[in-house]
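Read through the structure below, which is laid out as structure tokens, and then see the notes.
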Amino acid sequence: MKGFFRLLARFVPPYKRYLALNVVFNVLAAVLTLFSFALIIPILEMLFGLNTQSYDFMPWGSGKVNEVVVNNFYYYVQCIIARYGPSTALAAIAAGLVVMTGLKTGSAYMSAYFMIPIRTGVVRDIRNQIYAKIVSLPIGFFSNERKGDVMARMSGDVTEVENSVMSSLDMMFKNPIMIIACLGMMIALSWQLTVFVLILLPVAGGIMGGVGKRLKRVSLEGQNQWGVMLSNIEETIGGLRIVKAFNAEGKVRRRFEGENERYRSIVTRMSRRYELAHPMSEFLGTATIAIVLWFGGTLILSGTNAITAPKFIYYMVIFYSIINPAKDLSKASYAIQRGMASMQRIDKILAADNPICDPKEPQRLTGMKRGIGYHDVRFRYGDQWVIDGVSLDIPCGSTVALVGQSGSGKTTLADLLPRFYDVGQGSITIDGIDIRQMAVADLRALMGNVNQEAILFNDTFYNNITFGVEHATREQVEQAARIANAYDFIMASEQGFDTNIGDRGCKLSGGQRQRVSIARAILKNPPILILDEATSALDTESEHLVQEALNHLMQGRTTLVIAHRLSTIKGADLICVMQDGRIVEQGTHDQLIARSGPYKHLVDMQSF
């Protein structure tokens, strides 16, 4: 339960006003419950003629509060009996019981009414925090995580927290108040009997607590397996073309069925243990009542205890009113154990360390005048250096191309510039300022990216082009589309710029997707441009149109180009050939051809 209270301490403080009102109405409901049940004693005494004592009115404040209240209550009942008869007095007490019960149920509703904003608000806050954390975490974090599992944590695990932990909040605040109030009255009626009850209850609670701990363990297994299944579904949908091309439908289906069977087995075990909570608590509660009945009856029959038969019946009514809250508390405890397993998985994201952070006093740089510098940069993903001692100067306004075999470190070297990853050793500077001394948002505001795979969103042309650019006018968007050679096919679509392009731009061809992403970069108008194999996946005609758009985009900008098609970077100011994380050769196209080194070998291979 420590984890539950830590969860409350983290998320409930913004809703403390609602929590205070909930507690107030819970206390009121508990008090009204006790007083409404107290009316049972005079009803029983009148029915069985057990109380023949005569009562005189005691002035309010003339003695102990409880004694004065009880005495004057019986005095007024006695007056009603004398004036209107026992039947009318009985009807008046019964009416009072109905009124008190109405007030009690109204208070119980108001306590739940004020708990609902806490439940819904906390779940909303958890979702917002997870999403904000996902957006802020570095790309490297998701290299070690399955996308489907991350989605499962944000959907299934948060829903589990909502259904189990948050739905138990009312029980956790209402039931203890009711139990404490009832125990106080039970002690006032018979402390001997209550001591006996207090010895008995922890035994039952200990038995139920053991089941709850095992439930949390199984629940954690179930949520992990659910994440595996979602990852499988996401991979299958993303790779459906390959699945069908290789006739692998049967293979992926068998793999999913195996994982689904494992999930079913875990959920079966978890559900059986959860369903055990109610019958176990009911059996233990009934056994406890039977033992208390025996012990209380023995005290009355022995005549050594001050408790009378009507008071003992009232005592048992109160005790029975503890049983239901205790059972609800045990069910809430089971639900919380199950939900805390999901919270554990959520916290893996929320508590993840983000090494890409802003310095305490960031240096500002609104533009670029001198250029970019890589100074003996080294970087590794695991034990092996992927970038090993690279030094490179990129003057302002120049175009530098990185070429080489796949895995030589080209993309990684480019990814270090916008701090998708941080360098392991050495430094990268812009106009002499280490990029780690700049605010991440300011640094990335200087850059525009066009990747090999055009990353678009399930939205309109207009919203994709203006993505990340605030307050762009329609004229600016259209001009960006014209420069990117995208205006004609956009206007030929059904609703022009307001046409939805589908999931990841699936309604467009590869060349069209790339030109939309170039229009997005043009609209941003960044001083630094990173082109990561922007034309390598296109046919000749599309490549020509995209290359023409890129040439417009690169004008007057400092550009870092990663290219496999060497024909696209002939005019670069500097070409760097990379092998095993190092720059082994650099110069212009003509200079490198004249040297007959690795670059000429690559050109000859492509020419062939």
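In the structure tokens, chains take the letters A, B, ... in the order shown, each chain's residues start at 1, and ligands count up from 1 in the order shown.
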Hey, what's within 7 Å of A:Leu19 if we count only C-alpha atoms and toss same-chain stuff fewer than 4 positions away? As a PDB file with N, CA and C atoms, in the first residue's frame, please?
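Saved file around19.pdb follows:
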```pdb
ATOM      1  N   TYR A  15      -6.075  18.477  -6.320  1.00  0.00           N
ATOM      2  CA  TYR A  15      -7.515  18.266  -6.108  1.00  0.00           C
ATOM      3  C   TYR A  15      -7.854  18.205  -4.617  1.00  0.00           C
ATOM      4  N   VAL A  23     -14.027  13.986   2.312  1.00  0.00           N
ATOM      5  CA  VAL A  23     -13.824  13.529   3.696  1.00  0.00           C
ATOM      6  C   VAL A  23     -14.933  14.065   4.597  1.00  0.00           C
ATOM      7  N   MET A 115     -15.618  12.942  -5.283  1.00  0.00           N
ATOM      8  CA  MET A 115     -14.482  12.062  -5.578  1.00  0.00           C
ATOM      9  C   MET A 115     -14.287  11.907  -7.090  1.00  0.00           C
TER      10      MET A 115
END
```
message = DSSP on the backbone, alpha helix (DSSP H) only: what residues of stretch 371-549 of chain A does that give? Format it as a VMD selection string.
response = chain A and resid 410 to 415 440 to 445 461 to 465 474 to 483 487 to 491 510 to 524 540 to 549
How would the residues just picked look written out with C-alpha atoms as a PDB file, in the first residue's frame?
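File produced: again03.pdb:
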```pdb
ATOM      1  CA  LYS A 410      26.979   9.096 -41.742  1.00  0.00           C
ATOM      2  CA  THR A 411      23.487   9.343 -40.249  1.00  0.00           C
ATOM      3  CA  THR A 412      24.799   9.138 -36.692  1.00  0.00           C
ATOM      4  CA  LEU A 413      27.209  12.015 -37.366  1.00  0.00           C
ATOM      5  CA  ALA A 414      24.292  14.112 -38.672  1.00  0.00           C
ATOM      6  CA  ASP A 415      22.040  13.093 -35.724  1.00  0.00           C
ATOM      7  CA  VAL A 440      17.579  22.266 -27.122  1.00  0.00           C
ATOM      8  CA  ALA A 441      14.576  24.145 -28.582  1.00  0.00           C
ATOM      9  CA  ASP A 442      16.806  27.046 -29.702  1.00  0.00           C
ATOM     10  CA  LEU A 443      19.295  24.641 -31.281  1.00  0.00           C
ATOM     11  CA  ARG A 444      16.678  22.709 -33.250  1.00  0.00           C
ATOM     12  CA  ALA A 445      14.958  25.933 -34.314  1.00  0.00           C
ATOM     13  CA  PHE A 461      -1.558  19.000 -46.715  1.00  0.00           C
ATOM     14  CA  TYR A 462      -1.832  22.391 -45.029  1.00  0.00           C
ATOM     15  CA  ASN A 463      -1.291  21.082 -41.483  1.00  0.00           C
ATOM     16  CA  ASN A 464       1.612  18.870 -42.553  1.00  0.00           C
ATOM     17  CA  ILE A 465       3.403  21.765 -44.264  1.00  0.00           C
ATOM     18  CA  ARG A 474      -1.956  30.750 -46.538  1.00  0.00           C
ATOM     19  CA  GLU A 475       0.189  32.650 -49.055  1.00  0.00           C
ATOM     20  CA  GLN A 476       3.405  31.507 -47.339  1.00  0.00           C
ATOM     21  CA  VAL A 477       2.239  27.874 -47.386  1.00  0.00           C
ATOM     22  CA  GLU A 478       1.338  28.043 -51.072  1.00  0.00           C
ATOM     23  CA  GLN A 479       4.674  29.687 -51.909  1.00  0.00           C
ATOM     24  CA  ALA A 480       6.549  26.934 -50.031  1.00  0.00           C
ATOM     25  CA  ALA A 481       4.579  24.309 -51.981  1.00  0.00           C
ATOM     26  CA  ARG A 482       5.469  25.989 -55.294  1.00  0.00           C
ATOM     27  CA  ILE A 483       9.182  26.095 -54.477  1.00  0.00           C
ATOM     28  CA  TYR A 487       1.670  22.951 -55.564  1.00  0.00           C
ATOM     29  CA  ASP A 488       0.265  21.339 -58.731  1.00  0.00           C
ATOM     30  CA  PHE A 489      -0.499  17.886 -57.334  1.00  0.00           C
ATOM     31  CA  ILE A 490      -1.850  19.404 -54.088  1.00  0.00           C
ATOM     32  CA  MET A 491      -4.310  21.597 -56.008  1.00  0.00           C
ATOM     33  CA  GLY A 510       7.034   8.505 -52.617  1.00  0.00           C
ATOM     34  CA  GLY A 511       8.024  11.580 -54.641  1.00  0.00           C
ATOM     35  CA  GLN A 512       4.914  13.491 -53.550  1.00  0.00           C
ATOM     36  CA  ARG A 513       5.525  12.663 -49.877  1.00  0.00           C
ATOM     37  CA  GLN A 514       9.111  13.868 -50.175  1.00  0.00           C
ATOM     38  CA  ARG A 515       8.096  17.142 -51.826  1.00  0.00           C
ATOM     39  CA  VAL A 516       5.552  17.827 -49.044  1.00  0.00           C
ATOM     40  CA  SER A 517       8.306  17.299 -46.449  1.00  0.00           C
ATOM     41  CA  ILE A 518      10.572  19.679 -48.444  1.00  0.00           C
ATOM     42  CA  ALA A 519       7.767  22.283 -48.466  1.00  0.00           C
ATOM     43  CA  ARG A 520       7.603  21.897 -44.681  1.00  0.00           C
ATOM     44  CA  ALA A 521      11.356  22.586 -44.410  1.00  0.00           C
ATOM     45  CA  ILE A 522      11.092  25.573 -46.807  1.00  0.00           C
ATOM     46  CA  LEU A 523       8.312  27.136 -44.722  1.00  0.00           C
ATOM     47  CA  LYS A 524      10.413  26.782 -41.552  1.00  0.00           C
ATOM     48  CA  THR A 540      14.316   8.939 -61.898  1.00  0.00           C
ATOM     49  CA  GLU A 541      11.487  11.371 -62.706  1.00  0.00           C
ATOM     50  CA  SER A 542      10.548  11.900 -59.042  1.00  0.00           C
ATOM     51  CA  GLU A 543      14.225  12.277 -58.166  1.00  0.00           C
ATOM     52  CA  HIS A 544      14.565  15.040 -60.742  1.00  0.00           C
ATOM     53  CA  LEU A 545      11.580  16.949 -59.341  1.00  0.00           C
ATOM     54  CA  VAL A 546      12.706  16.447 -55.728  1.00  0.00           C
ATOM     55  CA  GLN A 547      16.322  17.378 -56.527  1.00  0.00           C
ATOM     56  CA  GLU A 548      15.112  20.551 -58.199  1.00  0.00           C
ATOM     57  CA  ALA A 549      13.078  21.370 -55.062  1.00  0.00           C
TER      58      ALA A 549
END
```
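One finds atom CA of A:Cys182 at 8.8 Å from atom CA of A:Val31.
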At a cut-off of 9 Å, can you tabulate as a Markdown table every residue of stretch 128-245 of chain A near stretch 351-363 of chain A together with its closest atom pair and the distance in Å to one decimal, using only C-alpha atoms and ordering rows by chain then number?
```
| residue | atom | partner | partner_atom | distance |
| --- | --- | --- | --- | --- |
| A:Lys133 | CA | A:Ala352 | CA | 8.5 |
| A:Ser136 | CA | A:Asn354 | CA | 7.7 |
| A:Leu137 | CA | A:Asn354 | CA | 5.7 |
| A:Pro138 | CA | A:Ile356 | CA | 6.6 |
| A:Phe141 | CA | A:Ala352 | CA | 8.5 |
```
task = Would you mind telling me which residue in A:Ile428, A:Val584, A:Val267, A:Val577 lies nearest to A:Gly404 when using only C-alpha atoms?
result = A:Val577
message = Excluding A:Thr194 and its own-chain neighbours fewer than 5 positions away, which residues fall within 10 Å of it when counting only C-alpha atoms? Please give them as number ranges by chain.
response = A: 183-189, 199-200, 292, 296, 315, 319
Same residues, all heavy atoms, output as an mmCIF file, in the first residue's frame:
```
data_model
loop_
_atom_site.group_PDB
_atom_site.id
_atom_site.type_symbol
_atom_site.label_atom_id
_atom_site.label_comp_id
_atom_site.auth_asym_id
_atom_site.auth_seq_id
_atom_site.Cartn_x
_atom_site.Cartn_y
_atom_site.Cartn_z
ATOM 1 N N LEU A 183 -16.039 1.614 15.217
ATOM 2 C CA LEU A 183 -15.218 1.064 16.300
ATOM 3 C C LEU A 183 -15.316 1.934 17.557
ATOM 4 O O LEU A 183 -15.349 1.423 18.688
ATOM 5 C CB LEU A 183 -13.758 0.949 15.853
ATOM 6 C CG LEU A 183 -13.386 -0.289 15.037
ATOM 7 C CD1 LEU A 183 -11.951 -0.206 14.559
ATOM 8 C CD2 LEU A 183 -13.596 -1.571 15.853
ATOM 9 N N GLY A 184 -15.341 3.266 17.350
ATOM 10 C CA GLY A 184 -15.485 4.168 18.505
ATOM 11 C C GLY A 184 -16.766 3.901 19.262
ATOM 12 O O GLY A 184 -16.779 3.844 20.500
ATOM 13 N N MET A 185 -17.879 3.733 18.531
ATOM 14 C CA MET A 185 -19.158 3.444 19.186
ATOM 15 C C MET A 185 -19.150 2.063 19.838
ATOM 16 O O MET A 185 -19.713 1.874 20.934
ATOM 17 C CB MET A 185 -20.281 3.541 18.153
ATOM 18 C CG MET A 185 -21.671 3.318 18.739
ATOM 19 S SD MET A 185 -22.112 4.527 20.004
ATOM 20 C CE MET A 185 -22.502 5.958 18.989
ATOM 21 N N MET A 186 -18.492 1.097 19.191
ATOM 22 C CA MET A 186 -18.425 -0.251 19.765
ATOM 23 C C MET A 186 -17.654 -0.255 21.082
ATOM 24 O O MET A 186 -18.033 -0.938 22.041
ATOM 25 C CB MET A 186 -17.765 -1.203 18.759
ATOM 26 C CG MET A 186 -18.665 -1.549 17.574
ATOM 27 S SD MET A 186 -17.759 -2.230 16.169
ATOM 28 C CE MET A 186 -17.104 -3.742 16.855
ATOM 29 N N ILE A 187 -16.569 0.536 21.142
ATOM 30 C CA ILE A 187 -15.797 0.637 22.385
ATOM 31 C C ILE A 187 -16.654 1.267 23.481
ATOM 32 O O ILE A 187 -16.631 0.837 24.644
ATOM 33 C CB ILE A 187 -14.501 1.450 22.153
ATOM 34 C CG1 ILE A 187 -13.536 0.647 21.277
ATOM 35 C CG2 ILE A 187 -13.830 1.817 23.475
ATOM 36 C CD1 ILE A 187 -12.347 1.433 20.771
ATOM 37 N N ALA A 188 -17.460 2.299 23.108
ATOM 38 C CA ALA A 188 -18.332 2.954 24.088
ATOM 39 C C ALA A 188 -19.379 1.980 24.629
ATOM 40 O O ALA A 188 -19.751 2.033 25.809
ATOM 41 C CB ALA A 188 -19.008 4.163 23.446
ATOM 42 N N LEU A 189 -19.851 1.065 23.767
ATOM 43 C CA LEU A 189 -20.887 0.112 24.192
ATOM 44 C C LEU A 189 -20.303 -1.016 25.037
ATOM 45 O O LEU A 189 -20.872 -1.400 26.076
ATOM 46 C CB LEU A 189 -21.597 -0.478 22.965
ATOM 47 C CG LEU A 189 -22.513 0.480 22.195
ATOM 48 C CD1 LEU A 189 -22.956 -0.132 20.885
ATOM 49 C CD2 LEU A 189 -23.735 0.859 23.049
ATOM 50 N N ILE A 199 -8.811 -8.367 18.041
ATOM 51 C CA ILE A 199 -7.858 -9.489 17.943
ATOM 52 C C ILE A 199 -8.231 -10.370 16.749
ATOM 53 O O ILE A 199 -7.372 -10.895 16.042
ATOM 54 C CB ILE A 199 -7.856 -10.317 19.250
ATOM 55 C CG1 ILE A 199 -7.296 -9.467 20.394
ATOM 56 C CG2 ILE A 199 -7.041 -11.599 19.082
ATOM 57 C CD1 ILE A 199 -7.471 -10.094 21.764
ATOM 58 N N LEU A 200 -9.529 -10.473 16.517
ATOM 59 C CA LEU A 200 -10.035 -11.385 15.484
ATOM 60 C C LEU A 200 -9.825 -10.830 14.064
ATOM 61 O O LEU A 200 -9.448 -11.558 13.141
ATOM 62 C CB LEU A 200 -11.531 -11.617 15.735
ATOM 63 C CG LEU A 200 -12.147 -12.947 15.301
ATOM 64 C CD1 LEU A 200 -11.424 -14.106 15.955
ATOM 65 C CD2 LEU A 200 -13.622 -12.959 15.706
ATOM 66 N N VAL A 292 -18.241 -13.557 17.305
ATOM 67 C CA VAL A 292 -18.614 -12.400 18.138
ATOM 68 C C VAL A 292 -19.983 -12.633 18.774
ATOM 69 O O VAL A 292 -20.201 -12.286 19.955
ATOM 70 C CB VAL A 292 -18.603 -11.108 17.281
ATOM 71 C CG1 VAL A 292 -19.194 -9.935 18.059
ATOM 72 C CG2 VAL A 292 -17.194 -10.772 16.832
ATOM 73 N N GLY A 296 -20.314 -12.418 22.706
ATOM 74 C CA GLY A 296 -21.207 -11.397 23.265
ATOM 75 C C GLY A 296 -22.370 -12.016 24.015
ATOM 76 O O GLY A 296 -22.754 -11.542 25.092
ATOM 77 N N TYR A 315 -25.081 -3.227 18.935
ATOM 78 C CA TYR A 315 -23.643 -3.482 18.755
ATOM 79 C C TYR A 315 -23.412 -4.360 17.516
ATOM 80 O O TYR A 315 -22.521 -4.088 16.702
ATOM 81 C CB TYR A 315 -23.094 -4.167 20.008
ATOM 82 C CG TYR A 315 -21.592 -4.386 19.985
ATOM 83 C CD1 TYR A 315 -20.735 -3.500 20.610
ATOM 84 C CD2 TYR A 315 -21.037 -5.496 19.347
ATOM 85 C CE1 TYR A 315 -19.347 -3.699 20.596
ATOM 86 C CE2 TYR A 315 -19.665 -5.700 19.315
ATOM 87 C CZ TYR A 315 -18.825 -4.795 19.941
ATOM 88 O OH TYR A 315 -17.469 -4.997 19.919
ATOM 89 N N PHE A 319 -21.429 -3.601 14.178
ATOM 90 C CA PHE A 319 -20.339 -4.497 13.776
ATOM 91 C C PHE A 319 -20.567 -5.006 12.351
ATOM 92 O O PHE A 319 -19.634 -5.073 11.544
ATOM 93 C CB PHE A 319 -20.221 -5.664 14.753
ATOM 94 C CG PHE A 319 -19.145 -6.651 14.378
ATOM 95 C CD1 PHE A 319 -17.818 -6.256 14.331
ATOM 96 C CD2 PHE A 319 -19.463 -7.962 14.049
ATOM 97 C CE1 PHE A 319 -16.827 -7.148 13.973
ATOM 98 C CE2 PHE A 319 -18.478 -8.858 13.688
ATOM 99 C CZ PHE A 319 -17.153 -8.453 13.653
#
```
request  = Quick one: pick out all strand (DSSP E) residues within stretch 295-463 of chain A from a backbone DSSP run and write them as an NGL selection string.
outcome  = :A and (371-380 or 385-395 or 399-404 or 425-430 or 433-434 or 447-450)
ask   = If we count only C-alpha atoms, what is near stretch 560-571 of chain A at a cut-off of 10 Å, once residues fewer than 5 positions away on the same chain are taken out, given as a ChimeraX atom specification?
value = /A:394,398-406,410-411,413-414,417,449-452,528-537,543-544,547,554,576,588-590,599,602-603,606-607
Output of the above residues as a CSV table (one decimal), in the first residue's frame, restricted to N, CA and C atoms:
```csv
chain,number,residue,atom,x,y,z
A,394,ILE,N,32.4,23.1,-41.2
A,394,ILE,CA,31.3,23.4,-42.2
A,394,ILE,C,31.1,24.9,-42.2
A,398,SER,N,27.8,26.9,-46.8
A,398,SER,CA,28.4,25.8,-47.7
A,398,SER,C,27.6,24.6,-47.6
A,399,THR,N,27.8,23.7,-48.6
A,399,THR,CA,27.2,22.4,-48.7
A,399,THR,C,28.2,21.3,-48.5
A,400,VAL,N,28.1,20.5,-47.4
A,400,VAL,CA,29.0,19.4,-47.1
A,400,VAL,C,28.3,18.1,-47.3
A,401,ALA,N,28.8,17.2,-48.0
A,401,ALA,CA,28.2,15.9,-48.3
A,401,ALA,C,29.0,14.8,-47.5
A,402,LEU,N,28.2,13.8,-46.9
A,402,LEU,CA,28.8,12.7,-46.3
A,402,LEU,C,28.4,11.5,-47.1
A,403,VAL,N,29.5,10.7,-47.6
A,403,VAL,CA,29.2,9.5,-48.4
A,403,VAL,C,30.0,8.4,-47.8
A,404,GLY,N,29.6,7.2,-48.2
A,404,GLY,CA,30.3,6.0,-47.7
A,404,GLY,C,29.3,4.8,-47.6
A,405,GLN,N,29.9,3.7,-47.2
A,405,GLN,CA,29.0,2.5,-47.1
A,405,GLN,C,28.0,2.6,-46.0
A,406,SER,N,27.0,1.8,-46.1
A,406,SER,CA,26.0,1.7,-45.0
A,406,SER,C,26.7,1.2,-43.7
A,410,LYS,N,27.4,7.8,-41.1
A,410,LYS,CA,27.0,9.1,-41.7
A,410,LYS,C,25.8,9.7,-41.0
A,411,THR,N,24.7,8.9,-40.9
A,411,THR,CA,23.5,9.3,-40.2
A,411,THR,C,23.7,9.7,-38.8
A,413,LEU,N,26.5,10.7,-37.4
A,413,LEU,CA,27.2,12.0,-37.4
A,413,LEU,C,26.3,13.2,-37.5
A,414,ALA,N,25.3,13.1,-38.5
A,414,ALA,CA,24.3,14.1,-38.7
A,414,ALA,C,23.3,14.2,-37.5
A,417,LEU,N,24.2,16.5,-34.5
A,417,LEU,CA,24.1,18.0,-34.6
A,417,LEU,C,22.9,18.6,-33.9
A,449,ASN,N,15.0,19.4,-41.4
A,449,ASN,CA,15.3,18.0,-41.7
A,449,ASN,C,14.5,17.5,-42.9
A,450,VAL,N,15.1,16.9,-43.9
A,450,VAL,CA,14.4,16.1,-44.9
A,450,VAL,C,15.1,14.7,-44.9
A,451,ASN,N,14.3,13.7,-44.6
A,451,ASN,CA,14.8,12.4,-44.4
A,451,ASN,C,14.5,11.5,-45.6
A,452,GLN,N,15.2,10.3,-45.7
A,452,GLN,CA,14.9,9.4,-46.7
A,452,GLN,C,13.5,8.9,-46.7
A,528,ILE,N,20.2,26.1,-41.1
A,528,ILE,CA,21.0,24.9,-41.3
A,528,ILE,C,20.0,23.8,-41.8
A,529,LEU,N,20.5,23.0,-42.8
A,529,LEU,CA,19.6,22.0,-43.4
A,529,LEU,C,20.3,20.7,-43.4
A,530,ILE,N,19.6,19.6,-42.9
A,530,ILE,CA,20.1,18.3,-42.9
A,530,ILE,C,19.3,17.4,-43.9
A,531,LEU,N,20.0,16.9,-44.9
A,531,LEU,CA,19.3,16.1,-45.9
A,531,LEU,C,19.8,14.7,-45.8
A,532,ASP,N,19.0,13.7,-45.3
A,532,ASP,CA,19.4,12.4,-45.1
A,532,ASP,C,18.9,11.5,-46.2
A,533,GLU,N,19.7,11.3,-47.3
A,533,GLU,CA,19.4,10.4,-48.4
A,533,GLU,C,18.0,10.8,-48.9
A,534,ALA,N,17.7,12.0,-49.2
A,534,ALA,CA,16.4,12.5,-49.5
A,534,ALA,C,15.8,12.0,-50.8
A,535,THR,N,16.7,11.6,-51.7
A,535,THR,CA,16.3,11.1,-53.1
A,535,THR,C,16.6,9.7,-53.3
A,536,SER,N,17.1,8.9,-52.4
A,536,SER,CA,17.7,7.6,-52.7
A,536,SER,C,16.6,6.6,-52.9
A,537,ALA,N,15.3,6.8,-52.5
A,537,ALA,CA,14.2,5.8,-52.6
A,537,ALA,C,13.3,6.2,-53.8
A,543,GLU,N,13.0,11.8,-58.7
A,543,GLU,CA,14.2,12.3,-58.2
A,543,GLU,C,14.6,13.6,-58.8
A,544,HIS,N,14.3,13.8,-60.1
A,544,HIS,CA,14.6,15.0,-60.7
A,544,HIS,C,13.7,16.2,-60.1
A,547,GLN,N,15.0,16.7,-56.5
A,547,GLN,CA,16.3,17.4,-56.5
A,547,GLN,C,16.2,18.9,-56.9
A,554,MET,N,18.2,24.6,-50.7
A,554,MET,CA,19.6,24.7,-50.2
A,554,MET,C,20.2,26.1,-50.5
A,576,CYS,N,32.9,14.4,-47.9
A,576,CYS,CA,33.6,13.6,-46.9
A,576,CYS,C,33.3,12.1,-47.0
A,588,THR,N,36.6,18.3,-52.9
A,588,THR,CA,35.6,18.5,-53.9
A,588,THR,C,35.5,17.2,-54.8
A,589,HIS,N,34.4,17.1,-55.6
A,589,HIS,CA,34.2,16.0,-56.5
A,589,HIS,C,35.4,15.8,-57.4
A,590,ASP,N,35.9,16.8,-58.0
A,590,ASP,CA,37.0,16.7,-59.0
A,590,ASP,C,38.3,16.3,-58.3
A,599,TYR,N,36.6,7.4,-52.8
A,599,TYR,CA,35.5,8.1,-53.5
A,599,TYR,C,35.4,7.7,-54.9
A,602,LEU,N,33.8,4.4,-55.3
A,602,LEU,CA,32.3,4.4,-55.1
A,602,LEU,C,31.7,4.9,-56.4
A,603,VAL,N,32.3,6.0,-57.0
A,603,VAL,CA,31.8,6.5,-58.3
A,603,VAL,C,31.8,5.5,-59.4
A,606,GLN,N,29.0,2.9,-59.0
A,606,GLN,CA,27.7,3.4,-59.4
A,606,GLN,C,27.6,3.6,-60.9
A,607,SER,N,28.7,4.0,-61.5
A,607,SER,CA,28.7,4.2,-62.9
A,607,SER,C,28.5,2.9,-63.6
```
note = Residue with the minimum atom-to-atom distance to A:Leu193, picked from A:Ala94, A:Met316, A:Met280, A:Val161 with only C-alpha atoms counted, is A:Met316
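Closest to A:Phe420 among A:Leu7, A:Ile435, A:Ala29, A:Met100 is A:Ile435, based on only C-alpha atoms.
Residues in contact with A:Gly367 at up to 12 Å, not including ones fewer than 3 positions away on its chain and judged by only C-alpha atoms, are Arg364, Arg370, Gly371, Ile372, Cys396, Gly397, Ile430, Asp431, Asp442, Leu443, Arg444, Ala445, Leu446, Met447, Asn525, Pro526, Pro527, Ile528, Arg557 and Thr558 of chain A.
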